[in-house]
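Everything below belongs to work-v2.cif, which stores mmCIF, C-alpha atoms.
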data_model
#
loop_
_atom_site.group_PDB
_atom_site.id
_atom_site.type_symbol
_atom_site.label_atom_id
_atom_site.label_comp_id
_atom_site.auth_asym_id
_atom_site.auth_seq_id
_atom_site.Cartn_x
_atom_site.Cartn_y
_atom_site.Cartn_z
ATOM 1 C CA MET I 1110 8.965 -16.183 -25.655
ATOM 2 C CA PRO I 1111 9.923 -14.512 -22.333
ATOM 3 C CA LYS I 1112 8.332 -11.154 -21.689
ATOM 4 C CA THR I 1113 8.633 -8.288 -19.233
ATOM 5 C CA TYR I 1114 5.523 -7.648 -17.165
ATOM 6 C CA LEU I 1115 4.775 -4.560 -15.087
ATOM 7 C CA ILE I 1116 2.463 -5.462 -12.212
ATOM 8 C CA ALA I 1117 0.564 -2.663 -10.479
ATOM 9 C CA TYR I 1118 0.595 -4.133 -6.984
ATOM 10 C CA ASP I 1119 -0.892 -2.883 -3.718
ATOM 11 C CA GLY I 1120 -1.180 -6.143 -1.783
ATOM 12 C CA SER I 1121 -4.975 -6.318 -2.045
ATOM 13 C CA SER I 1122 -6.776 -9.551 -2.898
ATOM 14 C CA HIS I 1123 -7.466 -8.049 -6.327
ATOM 15 C CA ALA I 1124 -3.776 -7.369 -6.884
ATOM 16 C CA LYS I 1125 -2.865 -10.890 -5.762
ATOM 17 C CA GLU I 1126 -4.745 -12.202 -8.799
ATOM 18 C CA THR I 1127 -2.002 -10.601 -10.903
ATOM 19 C CA LEU I 1128 0.579 -12.824 -9.231
ATOM 20 C CA GLN I 1129 -1.466 -15.904 -10.074
ATOM 21 C CA TYR I 1130 -1.698 -14.741 -13.694
ATOM 22 C CA ILE I 1131 2.109 -14.492 -13.885
ATOM 23 C CA ALA I 1132 2.505 -17.917 -12.256
ATOM 24 C CA ASP I 1133 0.053 -19.390 -14.772
ATOM 25 C CA PHE I 1134 1.229 -17.726 -17.989
ATOM 26 C CA ALA I 1135 4.767 -16.341 -17.740
ATOM 27 C CA ARG I 1136 7.423 -18.288 -19.607
ATOM 28 C CA ASP I 1137 10.824 -19.260 -18.251
ATOM 29 C CA GLY I 1138 13.105 -16.212 -18.498
ATOM 30 C CA SER I 1139 10.285 -13.678 -18.116
ATOM 31 C CA LYS I 1140 10.943 -10.603 -16.019
ATOM 32 C CA VAL I 1141 8.561 -8.934 -13.573
ATOM 33 C CA ILE I 1142 8.496 -5.402 -12.245
ATOM 34 C CA LEU I 1143 6.341 -5.032 -9.135
ATOM 35 C CA PHE I 1144 5.174 -1.415 -8.989
ATOM 36 C CA GLY I 1145 3.927 0.263 -5.824
ATOM 37 C CA ALA I 1146 3.099 3.844 -5.027
ATOM 38 C CA TYR I 1147 2.223 6.068 -2.105
ATOM 39 C CA ASP I 1148 0.635 9.486 -1.827
ATOM 40 C CA PRO I 1149 2.938 12.450 -1.266
ATOM 41 C CA VAL I 1150 3.031 13.827 2.254
ATOM 42 C CA GLN I 1151 1.237 17.136 2.533
ATOM 43 C CA PRO I 1152 2.477 19.620 5.114
ATOM 44 C CA VAL I 1153 -0.223 20.983 7.413
ATOM 45 C CA GLN I 1154 -2.003 23.838 5.676
ATOM 46 C CA PRO I 1155 -2.715 27.236 7.250
ATOM 47 C CA VAL I 1156 -6.108 27.497 8.919
ATOM 48 C CA SER I 1157 -8.304 30.533 8.517
ATOM 49 C CA VAL I 1158 -11.447 31.279 10.499
ATOM 50 C CA PRO I 1159 -13.281 34.607 10.779
ATOM 51 C CA GLY I 1160 -11.077 36.945 12.797
ATOM 52 C CA ALA I 1161 -8.091 34.584 13.040
ATOM 53 C CA PHE I 1162 -5.403 33.023 10.898
ATOM 54 C CA TYR I 1163 -3.042 30.290 12.051
ATOM 55 C CA VAL I 1164 0.047 29.176 10.199
ATOM 56 C CA PRO I 1165 1.497 26.014 11.706
ATOM 57 C CA PRO I 1166 5.251 25.868 11.994
ATOM 58 C CA ALA I 1167 6.967 24.089 9.140
ATOM 59 C CA ASN I 1168 7.798 20.672 10.475
ATOM 60 C CA THR I 1169 10.028 19.289 7.763
ATOM 61 C CA ASP I 1170 11.280 16.585 10.130
ATOM 62 C CA TRP I 1171 7.760 15.150 10.417
ATOM 63 C CA VAL I 1172 7.234 15.355 6.654
ATOM 64 C CA HIS I 1173 10.518 13.540 6.026
ATOM 65 C CA LYS I 1174 9.732 10.819 8.591
ATOM 66 C CA GLU I 1175 6.212 10.290 7.255
ATOM 67 C CA LYS I 1176 7.493 10.095 3.673
ATOM 68 C CA GLU I 1177 10.074 7.526 4.764
ATOM 69 C CA ARG I 1178 7.412 5.534 6.628
ATOM 70 C CA ARG I 1179 5.104 5.445 3.598
ATOM 71 C CA ALA I 1180 7.952 4.361 1.310
ATOM 72 C CA LYS I 1181 8.897 1.539 3.707
ATOM 73 C CA VAL I 1182 5.310 0.308 3.915
ATOM 74 C CA ALA I 1183 4.999 0.298 0.113
ATOM 75 C CA ALA I 1184 8.343 -1.497 -0.250
ATOM 76 C CA HIS I 1185 7.293 -4.089 2.337
ATOM 77 C CA VAL I 1186 4.089 -4.772 0.386
ATOM 78 C CA LEU I 1187 6.121 -5.351 -2.792
ATOM 79 C CA LEU I 1188 8.600 -7.650 -1.065
ATOM 80 C CA LYS I 1189 5.691 -9.677 0.324
ATOM 81 C CA GLY I 1190 4.232 -9.799 -3.202
ATOM 82 C CA LYS I 1191 7.568 -11.038 -4.528
ATOM 83 C CA ASP I 1192 7.667 -13.789 -1.902
ATOM 84 C CA ASP I 1193 4.055 -14.723 -2.692
ATOM 85 C CA LEU I 1194 4.819 -14.957 -6.431
ATOM 86 C CA LEU I 1195 7.888 -17.093 -5.855
ATOM 87 C CA ALA I 1196 5.837 -19.459 -3.661
ATOM 88 C CA LEU I 1197 3.027 -19.991 -6.189
ATOM 89 C CA GLU I 1198 2.790 -23.411 -7.753
ATOM 90 C CA GLY I 1199 3.799 -23.346 -11.413
ATOM 91 C CA ASN I 1200 5.710 -20.063 -11.186
ATOM 92 C CA VAL I 1201 8.838 -20.074 -13.376
ATOM 93 C CA VAL I 1202 9.963 -16.471 -12.742
ATOM 94 C CA LYS I 1203 13.168 -16.455 -10.733
ATOM 95 C CA ALA I 1204 13.864 -14.130 -7.791
ATOM 96 C CA ASP I 1205 16.655 -12.370 -9.715
ATOM 97 C CA ASP I 1206 14.177 -11.545 -12.498
ATOM 98 C CA ILE I 1207 11.789 -9.668 -10.176
ATOM 99 C CA ARG I 1208 12.360 -5.996 -9.381
ATOM 100 C CA GLU I 1209 10.405 -3.761 -7.035
ATOM 101 C CA ILE I 1210 9.860 -0.076 -7.783
ATOM 102 C CA VAL I 1211 8.154 2.301 -5.342
ATOM 103 C CA VAL I 1212 7.267 5.872 -6.291
ATOM 104 C CA GLU I 1213 5.646 8.837 -4.613
ATOM 105 C CA THR I 1214 2.875 10.174 -6.832
ATOM 106 C CA PHE I 1215 -0.496 11.874 -6.858
ATOM 107 C CA ASP I 1216 -1.520 9.973 -9.998
ATOM 108 C CA VAL I 1217 -0.665 6.282 -9.911
ATOM 109 C CA ARG I 1218 -2.270 5.702 -13.329
ATOM 110 C CA ASP I 1219 0.074 8.009 -15.221
ATOM 111 C CA ALA I 1220 3.043 6.779 -13.169
ATOM 112 C CA ILE I 1221 2.319 3.209 -14.298
ATOM 113 C CA ILE I 1222 2.082 4.245 -17.940
ATOM 114 C CA GLU I 1223 5.286 6.292 -17.726
ATOM 115 C CA LEU I 1224 7.189 3.435 -16.078
ATOM 116 C CA ALA I 1225 5.892 0.986 -18.691
ATOM 117 C CA GLU I 1226 7.324 3.216 -21.416
ATOM 118 C CA ILE I 1227 10.658 3.758 -19.644
ATOM 119 C CA GLU I 1228 11.125 0.045 -18.931
ATOM 120 C CA LYS I 1229 9.807 -1.014 -22.368
ATOM 121 C CA VAL I 1230 7.550 -3.666 -20.837
ATOM 122 C CA ASP I 1231 5.547 -6.065 -22.974
ATOM 123 C CA ALA I 1232 2.389 -5.811 -20.856
ATOM 124 C CA ILE I 1233 0.899 -4.160 -17.782
ATOM 125 C CA VAL I 1234 -0.905 -6.507 -15.405
ATOM 126 C CA CYS I 1235 -3.367 -5.089 -12.879
ATOM 127 C CA GLY I 1236 -6.231 -6.205 -10.716
ATOM 128 C CA SER I 1237 -9.805 -5.039 -10.930
ATOM 129 C CA ARG I 1238 -11.897 -3.980 -7.985
ATOM 130 C CA GLY I 1239 -15.009 -5.107 -9.823
ATOM 131 C CA HIS I 1240 -17.044 -1.962 -9.271
ATOM 132 C CA GLY I 1241 -20.376 -1.789 -11.036
ATOM 133 C CA ALA I 1242 -21.003 0.813 -13.739
ATOM 134 C CA VAL I 1243 -22.186 3.535 -11.329
ATOM 135 C CA LYS I 1244 -19.216 3.261 -8.962
ATOM 136 C CA ARG I 1245 -16.810 3.063 -11.894
ATOM 137 C CA PHE I 1246 -18.339 6.233 -13.369
ATOM 138 C CA VAL I 1247 -18.189 8.117 -10.068
ATOM 139 C CA LEU I 1248 -14.867 6.814 -8.739
ATOM 140 C CA GLY I 1249 -13.004 6.155 -11.956
ATOM 141 C CA SER I 1250 -11.097 2.978 -12.643
ATOM 142 C CA THR I 1251 -7.353 2.565 -12.729
ATOM 143 C CA SER I 1252 -7.608 -0.576 -14.845
ATOM 144 C CA SER I 1253 -9.972 1.101 -17.300
ATOM 145 C CA TYR I 1254 -7.710 4.142 -17.548
ATOM 146 C CA LEU I 1255 -4.682 1.940 -18.201
ATOM 147 C CA ALA I 1256 -6.544 -0.040 -20.857
ATOM 148 C CA HIS I 1257 -7.428 3.169 -22.697
ATOM 149 C CA HIS I 1258 -4.140 5.060 -22.362
ATOM 150 C CA ALA I 1259 -1.265 2.567 -22.238
ATOM 151 C CA ASN I 1260 0.785 1.873 -25.356
ATOM 152 C CA VAL I 1261 1.187 -1.809 -24.437
ATOM 153 C CA PRO I 1262 -1.391 -4.520 -23.740
ATOM 154 C CA VAL I 1263 -3.090 -4.279 -20.339
ATOM 155 C CA ILE I 1264 -4.111 -7.539 -18.698
ATOM 156 C CA ILE I 1265 -6.855 -7.003 -16.118
ATOM 157 C CA CYS I 1266 -7.115 -9.844 -13.621
ATOM 158 C CA ARG I 1267 -10.363 -10.223 -11.780
ATOM 159 C CA ALA I 1268 -10.782 -12.208 -8.589
ATOM 160 C CA HIS I 1269 -12.573 -15.491 -9.215
ATOM 161 C CA ASN I 1270 -15.239 -14.648 -6.636
ATOM 162 C CA ASP I 1271 -15.593 -11.026 -7.752
ATOM 163 C CA VAL I 1272 -19.085 -10.249 -9.022
ATOM 164 C CA PRO I 1273 -19.999 -6.656 -9.923
ATOM 165 C CA GLU I 1274 -22.942 -5.031 -8.193
ATOM 166 C CA GLY I 1275 -26.214 -5.903 -9.858
ATOM 167 C CA GLU I 1276 -24.944 -9.163 -11.392
ATOM 168 C CA LYS I 1277 -25.690 -12.642 -10.088
ATOM 169 C CA ALA I 1278 -22.983 -15.142 -9.401
ATOM 170 C CA GLU I 1279 -23.408 -18.367 -11.342
#
For this file, write the structure as structure tokens.
Amino acid sequence: MPKTYLIAYDGSSHAKETLQYIADFARDGSKVILFGAYDPVQPVQPVSVPGAFYVPPANTDWVHKEKERRAKVAAHVLLKGKDDLLALEGNVVKADDIREIVVETFDVRDAIIELAEIEKVDAIVCGSRGHGAVKRFVLGSTSSYLAHHANVPVIICRAHNDVPEGEKAE
């Protein structure tokens, strides 16, 4: 049965594993949403030092240009991901069934969950950086967060050569 998959995609080697998963398991007629995000542009903040205070001029032109640049970079990454998926051996998803969505957000995890609900996807597919327990505790994990908070199944694809710290490769 064809499904709709939301792929959290940033172009990393970990994210590319998600494309291979789709090529391996998606059925003919399945739809894919490639999701990318970028951090909002922050205007330069006022600087305060003892005895002085400097407020930089509002440069909305720079903010607009930087926002546009970040959106273009994110869109380019998704288009490259689309091309990579279409080129994978065994892929049955057609170009017309792949959409790219780029958003500006401080919290990519909640943006993914919200988009999954809006689009009524059947599953979220994401890569895993493969951090060990300590790094995961300190840094947090997008894939772990999605697995615990999403209302649809979350498929976490790990790179074949990805071994967490402290574990031996076999």
- To verify the selection step, state as a list of chain:residue names which residues the PyMOL selection byres ((chain I and resi 1126) around 7) yields on this input.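 When the PyMOL selection byres ((chain I and resi 1126) around 7) is applied, the selected residues are I:Ser1122, I:His1123, I:Ala1124, I:Lys1125, I:Thr1127, I:Leu1128, I:Gln1129, I:Tyr1130, I:Gly1236, I:Cys1266, I:Arg1267, I:Ala1268.
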- Message: Around the point (6.8, -10.6, -10.4) (coordinates from the file), which residues reach within 6 Å if we count all atoms listed in the file? Answer as a PyMOL selection string.
- Response: chain I and resi 1141-1143+1191+1207
- Query: Looking at all atoms listed in the file, which of I:Pro1149, I:Leu1255, I:Ala1135, I:Cys1235 is the one that sits closest to Ile1116 (chain I)?
  - Reply: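 Nearest candidate to Ile1116 (chain I) out of I:Pro1149, I:Leu1255, I:Ala1135, I:Cys1235: I:Cys1235.
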- Task: I would like the residues chosen by the PyMOL selection byres ((chain I and resi 1208) around 12) on the shown file; could you give them as a PyMOL selection string?
- Result: chain I and resi 1113-1116+1139-1145+1184+1187-1188+1190-1192+1202-1207+1209-1211+1228
- Which residue out of I:Ser1157, I:Asp1137, I:Glu1175, I:Ser1253 has the minimum interatomic distance to Arg1238 (chain I) when all atoms listed in the file are used?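 Ranking I:Ser1157, I:Asp1137, I:Glu1175, I:Ser1253 by distance to Arg1238 (chain I), first place goes to I:Ser1253.
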- Query: Quick one: which residues end up in the PyMOL selection byres ((chain I and resi 1252) around 12) for this structure, as a PyMOL selection string?
  - Reply: chain I and resi 1116-1118+1123-1124+1217-1219+1221-1222+1233-1240+1245+1249-1251+1253-1259+1262-1267
- Message: (6.2, 16.8, 4.9) in this file's frame - what residues fall within 6 Å of it? Use only C-alpha atoms and give the answer as a list in words.
- Response: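 Residues close enough to count: Val1150, Gln1151, Pro1152, Thr1169, Trp1171, Val1172 and His1173 of chain I.
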Can you report as AutoDock Vina command-line options the centre and edge lengths in Å, to one decimal, of an axis-aligned box around the listed atoms of region 1248-1260 of chain I padded with 5 Å on each side?
--center_x -7.0 --center_y 3.1 --center_z -17.0 --size_x 25.7 --size_y 17.4 --size_z 26.6
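Distance-wise, CA of Asn1260 (chain I) and CA of Ile1227 (chain I) end up 11.6 Å apart.
For the choices I:Val1158, I:Ala1146, I:Ala1220, I:Val1230, the atom-to-atom distance to Ala1180 (chain I) is smallest for I:Ala1146 when using all atoms listed in the file.
The gap separating CA of Leu1197 (chain I) from CA of Val1261 (chain I) is 25.8 Å, in Å to one decimal.
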- Interatomic distance between CA of Lys1176 (chain I) and CA of Val1156 (chain I)? 22.7 Å
- Task: Tell me which of I:Asp1148, I:Glu1198, I:Phe1215, I:Asp1231 sits closest to Glu1177 (chain I), counting all atoms listed in the file.
- Result: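 Selected residue with least distance to Glu1177 (chain I): I:Asp1148.
Closest approach to Glu1213 (chain I) from the set I:Asp1133, I:Lys1181, I:Gly1160, I:Lys1112 is made by I:Lys1181, with distances taken over all atoms listed in the file.
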